[in-house]
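*Asks:* The structure under discussion is supplied below as structure tokens; questions concerning it will follow.
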Amino acid sequence: MVPLLLRCLVLATFATASSAFSVTRREFVVAGTTAASIAAIISPSPASAGDDGGTQTPAVESYVKGVATLQAGLSTGEIGPGAALYVTARPNRPDNVPKAILDGSRGKPPPVLAARYADPKFPYEFSLTSENLTQEGASIMEGSSSVWWQGEDLVVSCRFDSDGVAATRDPTDLVGRGFYSSKSQEESVTVELEGRGLFGKSVTAKK
């Protein structure tokens, strides 16, 4: 009688231990799966990483290099800090401007490159790159990887703004224009800045 009772007690104890072990193992498997899922979600995507583990950035392409100079007798020494030089470039002719872009610019070639340089010291060298593309200038030709105005002659305009605010006009502002030839891409464009003239000064003085 006693051996039989002892055997039943041993079997009951073993069953309880087996059940506890099963629950513990199941909880471990579930926990392990959850951890693996979280790790997969927060891990960075290999497609967004470069070969060295860092993110890839597109190469910067240079389009126009130039230098802005002052007309003989002019000086910006009396202009305080906060002035800026604005540089834009646009196609010289509207012939090859896409119709959708031309319609939005009232029939005139729009600026394809634009840059602002704070507190310039003259002569000032500048470089217009792919980082300076305007919305119109960034459009790509169909079936090509080049911008639509690639190979076009450009008009490069510079304006020295004494207060640094593009929307304002001041009698002390200086302006100039130069031409970039696509046939001599290695040459630098020289833009000589001069005053607005008597008419320009009288108009801007009233604003």
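Quick note on naming: the chains in the structure tokens go A, B, ... in the order shown, residues restart at 1 in each chain, and ligands are numbered from 1 in order of appearance.
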I want to know what sits within 8 Å of Glu152 (chain A), based on only C-alpha atoms, with residues of the same chain fewer than 5 positions away left out; could you give that as a PyMOL selection string?
*Replies:* chain A and resi 91-92+181-182
*Asks:* Tell me which of A:Val175, A:Ser188, A:Pro109, A:Lys65 sits closest to Gly137 (chain A), counting only C-alpha atoms.
*Replies:*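 Among the listed residues, the smallest separation from Gly137 (chain A) belongs to A:Pro109.
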*Asks:* Show which residues sit within 10 Å of Glu192 (chain A), as JSON, numbers by chain. Count only C-alpha atoms, and ignore same-chain residues fewer than 2 positions away.
*Replies:* {"A": [67, 68, 69, 70, 71, 72, 123, 157, 158, 174, 175, 176, 177, 178, 189, 190, 194]}
*Asks:* Just all heavy atoms for this one: save the residues we selected as a JSON list (two decimals), in the first residue's frame.
*Replies:*
```
[["chain", "number", "residue", "atom", "x", "y", "z"],
["A", 67, "VAL", "N", 33.59, 85.14, -61.61],
["A", 67, "VAL", "CA", 34.09, 86.09, -60.63],
["A", 67, "VAL", "C", 33.35, 87.41, -60.82],
["A", 67, "VAL", "O", 33.16, 87.88, -61.94],
["A", 67, "VAL", "CB", 35.62, 86.29, -60.78],
["A", 67, "VAL", "CG1", 35.98, 86.73, -62.19],
["A", 67, "VAL", "CG2", 36.15, 87.30, -59.77],
["A", 68, "ALA", "N", 32.89, 87.97, -59.71],
["A", 68, "ALA", "CA", 32.21, 89.26, -59.73],
["A", 68, "ALA", "C", 33.19, 90.33, -59.31],
["A", 68, "ALA", "O", 33.84, 90.22, -58.27],
["A", 68, "ALA", "CB", 31.00, 89.24, -58.79],
["A", 69, "THR", "N", 33.32, 91.37, -60.14],
["A", 69, "THR", "CA", 34.26, 92.46, -59.86],
["A", 69, "THR", "C", 33.50, 93.78, -59.77],
["A", 69, "THR", "O", 32.32, 93.87, -60.16],
["A", 69, "THR", "CB", 35.32, 92.55, -60.96],
["A", 69, "THR", "OG1", 34.68, 92.87, -62.21],
["A", 69, "THR", "CG2", 36.08, 91.24, -61.11],
["A", 70, "LEU", "N", 34.16, 94.81, -59.29],
["A", 70, "LEU", "CA", 33.57, 96.14, -59.19],
["A", 70, "LEU", "C", 34.09, 97.04, -60.30],
["A", 70, "LEU", "O", 35.27, 96.98, -60.66],
["A", 70, "LEU", "CB", 33.88, 96.77, -57.83],
["A", 70, "LEU", "CG", 33.34, 96.04, -56.59],
["A", 70, "LEU", "CD1", 33.77, 96.78, -55.33],
["A", 70, "LEU", "CD2", 31.83, 95.89, -56.65],
["A", 71, "GLN", "N", 33.23, 97.87, -60.83],
["A", 71, "GLN", "CA", 33.63, 98.85, -61.83],
["A", 71, "GLN", "C", 34.64, 99.81, -61.20],
["A", 71, "GLN", "O", 34.58, 100.11, -60.00],
["A", 71, "GLN", "CB", 32.40, 99.60, -62.33],
["A", 71, "GLN", "CG", 32.65, 100.51, -63.52],
["A", 71, "GLN", "CD", 31.37, 101.23, -63.93],
["A", 71, "GLN", "OE1", 30.74, 101.90, -63.12],
["A", 71, "GLN", "NE2", 30.99, 101.08, -65.20],
["A", 72, "ALA", "N", 35.56, 100.29, -61.99],
["A", 72, "ALA", "CA", 36.59, 101.21, -61.49],
["A", 72, "ALA", "C", 35.96, 102.40, -60.78],
["A", 72, "ALA", "O", 35.00, 103.01, -61.29],
["A", 72, "ALA", "CB", 37.45, 101.68, -62.66],
["A", 123, "PRO", "N", 37.36, 91.30, -55.57],
["A", 123, "PRO", "CA", 36.64, 90.42, -56.50],
["A", 123, "PRO", "C", 36.22, 89.11, -55.80],
["A", 123, "PRO", "O", 36.99, 88.56, -55.00],
["A", 123, "PRO", "CB", 37.65, 90.16, -57.61],
["A", 123, "PRO", "CG", 38.98, 90.36, -56.96],
["A", 123, "PRO", "CD", 38.80, 91.42, -55.92],
["A", 157, "SER", "N", 23.67, 86.75, -64.28],
["A", 157, "SER", "CA", 23.37, 88.06, -63.69],
["A", 157, "SER", "C", 23.78, 88.07, -62.22],
["A", 157, "SER", "O", 23.54, 87.11, -61.49],
["A", 157, "SER", "CB", 21.87, 88.37, -63.81],
["A", 157, "SER", "OG", 21.46, 88.39, -65.16],
["A", 158, "CYS", "N", 24.39, 89.19, -61.81],
["A", 158, "CYS", "CA", 24.79, 89.37, -60.42],
["A", 158, "CYS", "C", 24.19, 90.65, -59.87],
["A", 158, "CYS", "O", 24.07, 91.65, -60.58],
["A", 158, "CYS", "CB", 26.31, 89.44, -60.30],
["A", 158, "CYS", "SG", 27.19, 87.92, -60.76],
["A", 174, "LEU", "N", 24.32, 97.21, -56.54],
["A", 174, "LEU", "CA", 25.12, 97.15, -57.77],
["A", 174, "LEU", "C", 24.67, 95.96, -58.60],
["A", 174, "LEU", "O", 24.32, 94.91, -58.06],
["A", 174, "LEU", "CB", 26.61, 97.03, -57.43],
["A", 174, "LEU", "CG", 27.19, 98.11, -56.52],
["A", 174, "LEU", "CD1", 28.65, 97.79, -56.20],
["A", 174, "LEU", "CD2", 27.08, 99.48, -57.17],
["A", 175, "VAL", "N", 24.70, 96.12, -59.91],
["A", 175, "VAL", "CA", 24.24, 95.05, -60.80],
["A", 175, "VAL", "C", 25.23, 94.84, -61.93],
["A", 175, "VAL", "O", 26.02, 95.74, -62.27],
["A", 175, "VAL", "CB", 22.84, 95.38, -61.38],
["A", 175, "VAL", "CG1", 21.79, 95.41, -60.29],
["A", 175, "VAL", "CG2", 22.87, 96.70, -62.13],
["A", 176, "GLY", "N", 25.18, 93.68, -62.53],
["A", 176, "GLY", "CA", 26.05, 93.36, -63.66],
["A", 176, "GLY", "C", 25.60, 92.10, -64.35],
["A", 176, "GLY", "O", 24.80, 91.33, -63.81],
["A", 177, "ARG", "N", 26.12, 91.89, -65.55],
["A", 177, "ARG", "CA", 25.72, 90.73, -66.35],
["A", 177, "ARG", "C", 26.91, 90.24, -67.17],
["A", 177, "ARG", "O", 27.74, 91.02, -67.63],
["A", 177, "ARG", "CB", 24.56, 91.10, -67.27],
["A", 177, "ARG", "CG", 24.08, 90.00, -68.18],
["A", 177, "ARG", "CD", 22.93, 90.46, -69.05],
["A", 177, "ARG", "NE", 21.75, 90.78, -68.27],
["A", 177, "ARG", "CZ", 20.58, 91.12, -68.79],
["A", 177, "ARG", "NH1", 20.46, 91.23, -70.13],
["A", 177, "ARG", "NH2", 19.55, 91.38, -68.02],
["A", 178, "GLY", "N", 26.98, 88.92, -67.30],
["A", 178, "GLY", "CA", 28.02, 88.30, -68.12],
["A", 178, "GLY", "C", 27.43, 87.15, -68.91],
["A", 178, "GLY", "O", 26.26, 86.78, -68.71],
["A", 189, "VAL", "N", 33.44, 83.05, -66.02],
["A", 189, "VAL", "CA", 32.66, 84.20, -66.43],
["A", 189, "VAL", "C", 33.01, 85.39, -65.54],
["A", 189, "VAL", "O", 33.04, 85.27, -64.31],
["A", 189, "VAL", "CB", 31.16, 83.92, -66.33],
["A", 189, "VAL", "CG1", 30.35, 85.13, -66.77],
["A", 189, "VAL", "CG2", 30.79, 82.71, -67.17],
["A", 190, "THR", "N", 33.30, 86.52, -66.15],
["A", 190, "THR", "CA", 33.58, 87.75, -65.39],
["A", 190, "THR", "C", 32.37, 88.67, -65.48],
["A", 190, "THR", "O", 31.92, 89.01, -66.57],
["A", 190, "THR", "CB", 34.82, 88.47, -65.92],
["A", 190, "THR", "OG1", 35.96, 87.61, -65.80],
["A", 190, "THR", "CG2", 35.08, 89.74, -65.14],
["A", 194, "GLU", "N", 28.14, 97.42, -61.50],
["A", 194, "GLU", "CA", 28.10, 98.88, -61.60],
["A", 194, "GLU", "C", 26.81, 99.37, -60.96],
["A", 194, "GLU", "O", 25.91, 98.59, -60.62],
["A", 194, "GLU", "CB", 28.14, 99.31, -63.07],
["A", 194, "GLU", "CG", 27.03, 98.72, -63.91],
["A", 194, "GLU", "CD", 27.14, 99.06, -65.37],
["A", 194, "GLU", "OE1", 28.25, 99.48, -65.81],
["A", 194, "GLU", "OE2", 26.14, 98.91, -66.10]]
```
*Asks:* Find the residues around region 138-150 of chain A up to 10 Å (only C-alpha atoms counted), leave out those fewer than 5 positions away in its own chain, and share them as number ranges by chain.
*Replies:* A: 63, 90-91, 96-98, 101, 112-113, 130-133, 182
*Asks:* Just to confirm, what's the straight-line distance from CA of Lys121 (chain A) to CA of Leu154 (chain A) in Å (one decimal)?
*Replies:*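 Pair CA of Lys121 (chain A) / CA of Leu154 (chain A) returns 24.3 Å.
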*Asks:* CA of Leu128 (chain A) and CA of Val60 (chain A), how far apart in Å?
*Replies:*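 Between CA of Val60 (chain A) and CA of Leu128 (chain A) the gap works out to 10.2 Å.
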*Asks:* For Gly82 (chain A), which residue out of A:Asp161, A:Asp153, A:Glu136, A:Glu125 is the nearest one, using only C-alpha atoms?
*Replies:*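 When distances to Gly82 (chain A) are compared using only C-alpha atoms, the smallest one comes from A:Asp161.
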*Asks:* Can you tell me how far CA of Gly164 (chain A) sits from CA of Ala114 (chain A), in Å to one decimal?
*Replies:*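 Atom-to-atom, CA of Gly164 (chain A) and CA of Ala114 (chain A) are spaced 14.8 Å apart.
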*Asks:* Point out the residue among A:Leu102, A:Val165, A:Val156, A:Ala59 with the least atom-to-atom distance to Ser127 (chain A), counting only C-alpha atoms.
*Replies:*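 Ranked by minimum distance to Ser127 (chain A), first place goes to A:Val156.
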